[in-house]
$ cat my_file-v3.cif   # mmCIF, C-alpha atoms and all ligand atoms
data_input
#
loop_
_atom_site.label_atom_id
_atom_site.label_comp_id
_atom_site.auth_asym_id
_atom_site.auth_seq_id
_atom_site.Cartn_x
_atom_site.Cartn_y
_atom_site.Cartn_z
CA MET A 25 14.90 93.74 205.65
CA LYS A 26 12.82 96.58 207.01
CA SER A 27 11.29 95.98 210.43
CA LEU A 28 7.53 96.26 210.90
CA THR A 29 7.96 99.39 213.09
CA ASP A 30 10.08 101.02 210.33
CA GLU A 31 7.35 100.31 207.81
CA ILE A 32 4.72 101.76 210.13
CA THR A 33 6.87 104.87 210.67
CA ASP A 34 7.23 105.28 206.89
CA LYS A 35 3.50 104.87 206.35
CA LYS A 36 2.76 107.30 209.18
CA SER A 37 4.97 110.05 207.72
CA GLU A 38 3.31 109.47 204.35
CA VAL A 39 -0.13 109.95 205.88
CA ILE A 40 0.96 113.04 207.86
CA LYS A 41 2.50 114.48 204.71
CA SER A 42 -0.71 114.02 202.76
CA PHE A 43 -2.69 115.94 205.38
CA ASN A 44 -0.03 118.58 205.66
CA PRO A 45 0.96 119.98 202.28
CA GLN A 46 4.42 121.55 202.12
CA LEU A 47 3.00 124.47 200.21
CA GLN A 48 -0.49 125.67 199.33
CA PHE A 49 -1.12 127.68 196.19
CA SER A 50 -4.25 129.77 195.81
CA ALA A 51 -4.70 131.00 192.25
CA ILE A 52 -7.06 133.94 191.86
CA THR A 53 -8.13 133.85 188.24
CA LEU A 54 -11.02 134.43 185.85
CA PHE A 55 -9.90 131.25 184.03
CA PRO A 56 -9.48 128.50 186.65
CA GLU A 57 -9.60 125.73 184.00
CA MET A 58 -6.25 126.91 182.65
CA PHE A 59 -4.51 125.65 185.80
CA SER A 60 -5.15 122.01 184.90
CA ALA A 61 -2.15 122.51 182.59
CA VAL A 62 0.04 122.27 185.71
CA THR A 63 -2.14 120.33 188.17
CA GLU A 64 -2.81 117.36 185.88
CA TYR A 65 0.55 116.72 184.25
CA GLY A 66 4.08 115.66 185.09
CA VAL A 67 6.06 116.63 188.16
CA VAL A 68 3.56 119.19 189.52
CA GLY A 69 0.62 116.88 188.76
CA ARG A 70 2.24 114.15 190.89
CA ALA A 71 3.06 116.63 193.69
CA ALA A 72 -0.61 117.65 193.78
CA LYS A 73 -1.84 114.06 193.65
CA SER A 74 0.46 112.98 196.49
CA GLY A 75 -0.59 115.94 198.67
CA LEU A 76 2.84 117.62 198.71
CA ILE A 77 1.14 120.75 197.38
CA THR A 78 -2.43 121.93 196.97
CA VAL A 79 -3.63 124.20 194.17
CA LYS A 80 -6.95 125.90 194.82
CA CYS A 81 -8.45 128.21 192.21
CA ILE A 82 -10.67 131.08 193.27
CA ASN A 83 -12.68 132.92 190.64
CA PRO A 84 -13.42 136.58 191.44
CA ARG A 85 -16.57 136.22 189.33
CA SER A 86 -18.10 134.12 192.12
CA PHE A 87 -17.87 137.20 194.38
CA THR A 88 -20.09 139.39 192.18
CA ASN A 89 -23.74 140.11 192.93
CA ASP A 90 -25.05 141.87 189.80
CA LYS A 91 -27.04 140.17 187.09
CA HIS A 92 -24.12 140.14 184.63
CA ARG A 93 -21.54 139.11 187.25
CA THR A 94 -19.34 142.02 186.15
CA VAL A 95 -15.60 141.73 186.82
CA ASP A 96 -14.32 144.60 184.64
CA ASP A 97 -14.70 148.38 184.62
CA ARG A 98 -13.45 151.45 182.69
CA PRO A 99 -10.20 153.18 183.65
CA TYR A 100 -10.30 156.66 185.24
CA GLY A 101 -8.57 159.10 182.90
CA GLY A 102 -9.84 157.26 179.85
CA GLY A 103 -7.85 155.25 177.34
CA PRO A 104 -8.36 151.89 175.68
CA GLY A 105 -9.20 148.68 177.48
CA MET A 106 -10.74 147.75 180.80
CA LEU A 107 -9.47 147.04 184.30
CA MET A 108 -10.49 144.33 186.76
CA LYS A 109 -13.03 145.60 189.30
CA ILE A 110 -11.62 145.98 192.84
CA GLU A 111 -14.37 144.44 194.98
CA PRO A 112 -14.61 140.90 193.54
CA LEU A 113 -10.81 140.66 193.53
CA GLU A 114 -10.49 141.86 197.11
CA LYS A 115 -13.15 139.38 198.27
CA ALA A 116 -11.32 136.60 196.45
CA ILE A 117 -8.03 137.52 198.17
CA ILE A 118 -9.71 137.63 201.59
CA ALA A 119 -11.29 134.21 200.92
CA ALA A 120 -7.89 132.84 199.89
CA ARG A 121 -6.29 134.14 203.10
CA GLU A 122 -8.77 131.98 205.07
CA GLN A 123 -7.04 128.79 203.84
CA PRO A 124 -6.46 126.63 206.91
CA LEU A 125 -3.21 124.84 207.81
CA ASN A 126 -0.84 127.76 207.42
CA LYS A 127 0.60 130.48 209.58
CA LYS A 128 -0.36 133.97 208.42
CA ASP A 129 3.25 135.17 208.39
CA LYS A 130 4.12 132.39 205.92
CA THR A 131 1.46 133.64 203.45
CA LYS A 132 2.48 135.87 200.55
CA VAL A 133 0.13 137.59 198.12
CA VAL A 134 1.87 137.80 194.74
CA TYR A 135 0.62 139.85 191.79
CA LEU A 136 2.02 138.64 188.47
CA SER A 137 2.84 141.60 186.22
CA PRO A 138 5.51 142.91 183.87
CA GLN A 139 6.28 145.61 186.49
CA GLY A 140 7.36 142.97 189.03
CA LYS A 141 10.71 141.69 190.22
CA LYS A 142 12.10 139.35 187.58
CA LEU A 143 11.69 135.67 188.52
CA ASP A 144 14.99 133.78 188.75
CA GLN A 145 16.13 130.58 190.47
CA GLN A 146 17.14 132.54 193.60
CA LEU A 147 13.64 134.01 193.95
CA VAL A 148 12.11 130.59 193.19
CA LYS A 149 14.08 129.15 196.14
CA GLU A 150 12.90 131.94 198.46
CA LEU A 151 9.25 131.40 197.46
CA SER A 152 9.62 127.67 198.18
CA GLN A 153 10.17 128.56 201.87
CA GLU A 154 6.63 129.98 202.20
CA GLU A 155 3.62 127.93 203.28
CA HIS A 156 0.88 129.66 201.27
CA LEU A 157 1.27 131.59 198.02
CA ILE A 158 -1.74 133.54 196.80
CA LEU A 159 -1.13 134.14 193.10
CA LEU A 160 -3.16 136.94 191.60
CA SER A 161 -3.56 136.73 187.81
CA GLY A 162 -4.66 139.90 186.02
CA ARG A 163 -6.65 140.14 182.79
CA TYR A 164 -7.53 143.08 180.51
CA GLU A 165 -5.17 146.01 181.27
CA GLY A 166 -4.57 144.88 184.86
CA ILE A 167 -5.78 145.89 188.32
CA ASP A 168 -6.31 149.09 190.36
CA GLN A 169 -3.07 150.39 191.92
CA ARG A 170 -4.75 150.79 195.32
CA LEU A 171 -5.48 147.06 195.48
CA ILE A 172 -1.78 146.39 194.89
CA GLU A 173 -0.88 148.79 197.70
CA ALA A 174 -3.46 147.39 200.13
CA GLN A 175 -3.21 143.64 199.50
CA VAL A 176 -0.12 142.65 197.51
CA ASP A 177 3.17 141.70 199.21
CA MET A 178 5.22 141.17 196.08
CA GLU A 179 4.93 141.84 192.34
CA ILE A 180 6.66 139.26 190.13
CA SER A 181 7.39 139.22 186.38
CA VAL A 182 8.44 136.14 184.44
CA GLY A 183 10.24 138.18 181.77
CA ASP A 184 10.26 141.38 179.74
CA PHE A 185 7.31 140.63 177.48
CA VAL A 186 3.53 141.04 177.58
CA LEU A 187 1.09 138.18 178.18
CA SER A 188 -2.68 138.33 177.66
CA GLY A 189 -3.15 137.42 181.31
CA GLY A 190 -1.17 136.60 184.43
CA GLU A 191 -2.15 132.90 184.42
CA LEU A 192 0.83 131.59 182.45
CA ALA A 193 3.12 133.55 184.79
CA ALA A 194 1.31 132.16 187.87
CA MET A 195 1.64 128.61 186.50
CA THR A 196 5.34 129.25 185.90
CA VAL A 197 5.67 130.13 189.60
CA ILE A 198 3.75 126.98 190.64
CA ASP A 199 5.93 124.76 188.42
CA THR A 200 9.31 126.21 189.35
CA VAL A 201 8.59 126.50 193.09
CA THR A 202 7.12 122.97 193.35
CA ARG A 203 10.28 121.49 191.76
CA GLN A 204 12.23 122.90 194.71
CA LEU A 205 10.26 121.01 197.35
CA PRO A 206 11.92 117.95 198.85
CA ASN A 207 10.30 114.79 197.38
CA ALA A 208 8.77 116.59 194.37
CA LEU A 209 11.29 115.14 191.92
CA GLY A 210 11.98 111.45 191.42
CA HIS A 211 14.98 109.53 192.79
CA ASN A 212 18.19 110.83 191.20
CA ASP A 213 16.91 113.97 189.49
CA SER A 214 17.14 116.15 192.59
CA ALA A 215 16.78 119.89 192.15
CA GLU A 216 20.48 120.29 193.03
CA GLN A 217 21.32 118.69 189.69
CA ASP A 218 19.29 121.21 187.72
CA SER A 219 21.13 123.77 185.70
CA PHE A 220 21.08 127.24 187.32
CA GLU A 221 21.56 125.66 190.73
CA ASP A 222 25.15 126.89 190.49
CA GLY A 223 24.47 129.71 188.01
CA LEU A 224 25.64 127.80 184.91
CA LEU A 225 23.73 126.66 181.83
CA ASP A 226 23.31 122.93 181.17
CA HIS A 227 25.69 120.68 179.23
CA PRO A 228 24.50 118.94 176.04
CA HIS A 229 22.73 115.57 176.37
CA TYR A 230 22.84 112.50 174.14
CA THR A 231 20.85 109.28 173.88
CA ARG A 232 20.65 106.44 171.35
CA PRO A 233 21.40 105.90 168.52
CA GLU A 234 25.17 106.32 168.66
CA LYS A 235 25.13 107.73 165.13
CA TYR A 236 22.33 110.03 163.95
CA ASN A 237 22.35 111.97 160.68
CA GLY A 238 26.07 111.22 160.41
CA LEU A 239 26.62 112.87 163.82
CA GLU A 240 28.29 110.90 166.59
CA VAL A 241 27.97 110.97 170.37
CA PRO A 242 31.12 112.52 171.96
CA ALA A 243 33.47 109.57 172.55
CA ILE A 244 34.08 110.45 176.22
CA LEU A 245 30.41 109.67 177.05
CA LEU A 246 30.79 106.13 175.70
CA GLY A 247 33.94 105.36 177.72
CA GLY A 248 32.59 104.80 181.24
CA ASP A 249 35.22 106.99 182.97
CA HIS A 250 32.79 108.79 185.28
CA GLN A 251 35.32 111.33 186.55
CA ALA A 252 36.32 112.25 183.00
CA ILE A 253 32.64 112.53 182.05
CA ALA A 254 31.89 114.81 185.01
CA ARG A 255 34.87 116.99 184.07
CA TRP A 256 33.76 117.15 180.40
CA ARG A 257 30.19 118.06 181.38
CA LEU A 258 31.37 120.85 183.70
CA GLN A 259 33.60 122.16 180.90
CA GLN A 260 30.65 122.12 178.47
CA ARG A 261 28.52 124.01 181.00
CA LEU A 262 31.22 126.63 181.50
CA GLY A 263 31.78 126.93 177.74
CA ASN A 264 28.05 127.10 176.93
CA THR A 265 27.55 129.82 179.51
CA TRP A 266 30.53 131.77 178.15
CA LEU A 267 29.16 131.50 174.59
CA LYS A 268 25.45 132.06 175.21
CA ARG A 269 25.09 133.92 178.51
CA PRO A 270 28.30 135.80 179.39
CA ASP A 271 26.19 137.96 181.76
CA LEU A 272 25.70 134.89 184.00
CA LEU A 273 29.42 134.12 184.02
CA LEU A 274 30.26 137.63 185.29
CA LYS A 275 28.24 136.95 188.46
CA LEU A 276 30.27 133.84 189.33
CA ASP A 277 33.52 133.36 191.18
CA LEU A 278 35.12 130.43 189.33
CA SER A 279 37.62 128.16 191.06
CA LYS A 280 41.14 127.71 189.65
CA SER A 281 40.22 124.37 188.07
CA GLU A 282 37.04 125.81 186.54
CA GLU A 283 39.08 128.70 185.08
CA LYS A 284 41.41 126.13 183.52
CA LEU A 285 38.53 124.09 182.04
CA LEU A 286 37.04 127.25 180.52
CA GLU A 287 40.42 128.38 179.10
CA ASP A 288 40.82 124.98 177.42
CA PHE A 289 37.27 125.25 176.04
CA LYS A 290 37.99 128.71 174.63
CA ARG A 291 41.23 127.48 173.02
CA ASP A 292 39.46 124.50 171.38
CA HIS A 293 36.58 126.80 170.33
CA ASN A 294 38.91 129.26 168.57
CA ALA A 295 41.01 126.49 167.00
C1 LIG A 301 3.33 139.83 181.30
C2 LIG A 301 3.61 139.27 182.52
C3 LIG A 301 2.54 139.11 183.41
C4 LIG A 301 1.08 140.04 181.85
C5 LIG A 301 5.00 138.90 182.87
C6 LIG A 301 -2.14 142.38 183.76
C7 LIG A 301 -3.11 142.06 182.67
C8 LIG A 301 -0.84 141.73 183.44
C9 LIG A 301 -2.42 141.15 181.71
C10 LIG A 301 -1.20 140.68 182.42
N1 LIG A 301 2.09 140.20 180.96
N2 LIG A 301 1.29 139.49 183.06
N3 LIG A 301 2.71 138.56 184.63
N4 LIG A 301 5.98 139.25 182.01
N5 LIG A 301 -0.13 140.48 181.50
O1 LIG A 301 5.24 138.31 183.90
#

$ encode --input "my_file-v3.cif" --output "structure tokens" --more "lines below"
Ligand code: 4GT
Amino acid sequence: MKSLTDEITDKKSEVIKSFNPQLQFSAITLFPEMFSAVTEYGVVGRAAKSGLITVKCINPRSFTNDKHRTVDDRPYGGGPGMLMKIEPLEKAIIAAREQPLNKKDKTKVVYLSPQGKKLDQQLVKELSQEEHLILLSGRYEGIDQRLIEAQVDMEISVGDFVLSGGELAAMTVIDTVTRQLPNALGHNDSAEQDSFEDGLLDHPHYTRPEKYNGLEVPAILLGGDHQAIARWRLQQRLGNTWLKRPDLLLKLDLSKSEEKLLEDFKRDHNA
């Protein structure tokens, strides 16, 4: 039985938490509605609802003064396409920096672009240590280089391909970083259990029925020997990584027993 004081302590920390988000995201975007794709669904939706994170969208268009509320302009030197105008973007960044509740040195301004540092689980972890991430999403052909130099702390890419705008990349950052926060994930699916936490791909998963399309669930998973299952899953992860992403395996320093599991996998695979 929990004592009354314990219950009050629990409630108190809940209340404090809800007034004190772990991490604030400010998304600077011409399409704020897009961000409901993360803020209203699943793990990130719950984190926002419970106050673990906040996601505030700031539209540069609201910092324009002309009749047409212009946010784009032509590139010097010519060429196809338009760029985002500097002034509305800069005003939006300055407004975002005014977010209360965070120390300035724990604020990072991130520009999402294909020229950025490639996002991986290591970088996701580092970003989760910040208190305020200002995520700048470009449209058209991008933004003026001088704005990057004056205002941006870090340029991040989510992969070597071109998107029509930075929003999907910014939402990828919000999703992956939020998953890292303590209490963002439910009970036993802690972030430590995620694949990539140790640099390996995931093992295969199976659920009912036991027989599907003439294919059976691996017998070891039906046996209830939890040690044997853990060993099998680790072996599958090692083998999967060897087959599909040998580049990841090269970065790892496998233990003797992991080496042995992988050797056995390779032998079975070639047999
Ligand atoms: C790709 C990525 C990104 C784009 C990426 C500026 C205008 C960039 C359109 C934007 N494409 N943004 N962040 N691979 N396109 O991360």

$ closest_atom_pairs --input "my_file-v3.cif" --of "chain A" --to "ligand LIG 301 (chain A)" --cutoff "6 Å" --atoms "all atoms listed in the file" --output "Markdown table"
| residue | atom | partner | partner_atom | distance |
| --- | --- | --- | --- | --- |
| A:Leu136 | CA | A:LIG301 | N3 | 3.9 |
| A:Ser137 | CA | A:LIG301 | N3 | 3.4 |
| A:Pro138 | CA | A:LIG301 | N4 | 4.1 |
| A:Gly162 | CA | A:LIG301 | C6 | 4.2 |
| A:Arg163 | CA | A:LIG301 | C7 | 4.0 |
| A:Tyr164 | CA | A:LIG301 | C7 | 5.0 |
| A:Glu165 | CA | A:LIG301 | C7 | 4.7 |
| A:Gly166 | CA | A:LIG301 | C6 | 3.7 |
| A:Ser181 | CA | A:LIG301 | O1 | 3.4 |
| A:Val182 | CA | A:LIG301 | O1 | 3.9 |
| A:Gly183 | CA | A:LIG301 | N4 | 4.4 |
| A:Asp184 | CA | A:LIG301 | N4 | 5.3 |
| A:Phe185 | CA | A:LIG301 | N4 | 4.9 |
| A:Val186 | CA | A:LIG301 | N1 | 3.8 |
| A:Leu187 | CA | A:LIG301 | N1 | 3.6 |
| A:Ser188 | CA | A:LIG301 | C9 | 4.9 |
| A:Gly189 | CA | A:LIG301 | C9 | 3.8 |
| A:Gly190 | CA | A:LIG301 | N2 | 4.0 |
| A:Ala193 | CA | A:LIG301 | N3 | 5.0 |

$ closest_residue --input "my_file-v3.cif" --among "A:Ser60, A:Gln260, A:Ser152, A:Asn294" --to "Leu224 (chain A)" --atoms "all atoms listed in the file"
A:Gln260

$ residues_around --input "my_file-v3.cif" --residues "Thr202 (chain A)" --least-positions-apart "5" --cutoff "10 Å" --atoms "all atoms listed in the file" --output "MDAnalysis selection string"
chainID A and resid 46:47 49 67:68 71:72 76:77 148:149 151:152 196:197 207:209

$ residues_near_point --input "my_file-v3.cif" --point "(8.8, 143.1, 189.0)" --cutoff "6 Å" --atoms "only C-alpha atoms" --output "ChimeraX atom specification"
/A:139-142,179-181

$ residues_around --input "my_file-v3.cif" --residues "Leu107 (chain A)" --least-positions-apart "2" --cutoff "10 Å" --atoms "only C-alpha atoms" --output "PyMOL selection string"
chain A and resi 95-100+104-105+109-110+162-168

$ atom_distance --input "my_file-v3.cif" --atom1 "CA of Arg291 (chain A)" --atom2 "CA of Gly263 (chain A)"
10.6 Å

$ closest_residue --input "my_file-v3.cif" --among "A:Pro124, A:Gly66, A:Pro56, A:Pro228" --to "Ile82 (chain A)" --atoms "only C-alpha atoms"
A:Pro56

$ residues_near_point --input "my_file-v3.cif" --point "(29.5, 118.3, 181.6)" --cutoff "12 Å" --atoms "all atoms listed in the file" --output "ChimeraX atom specification"
/A:217,219,224-230,242,244-245,250-265,282,285-286,289

$ closest_residue --input "my_file-v3.cif" --among "A:Glu154, A:Glu221, A:Asp249, A:Glu234" --to "Asp129 (chain A)" --atoms "only C-alpha atoms"
A:Glu154

$ atom_distance --input "my_file-v3.cif" --atom1 "CA of Asp271 (chain A)" --atom2 "CA of Glu150 (chain A)"
22.2 Å

$ atom_distance --input "my_file-v3.cif" --atom1 "CA of Thr63 (chain A)" --atom2 "CA of Ile198 (chain A)"
9.2 Å

$ closest_residue --input "my_file-v3.cif" --among "A:Ala120, A:Asn237, A:Gly223, A:Lys130" --to "Lys275 (chain A)" --atoms "all atoms listed in the file"
A:Gly223

$ closest_residue --input "my_file-v3.cif" --among "A:Phe55, A:Tyr236, A:Tyr65, A:Tyr135" --to "Pro84 (chain A)" --atoms "all atoms listed in the file"
A:Phe55
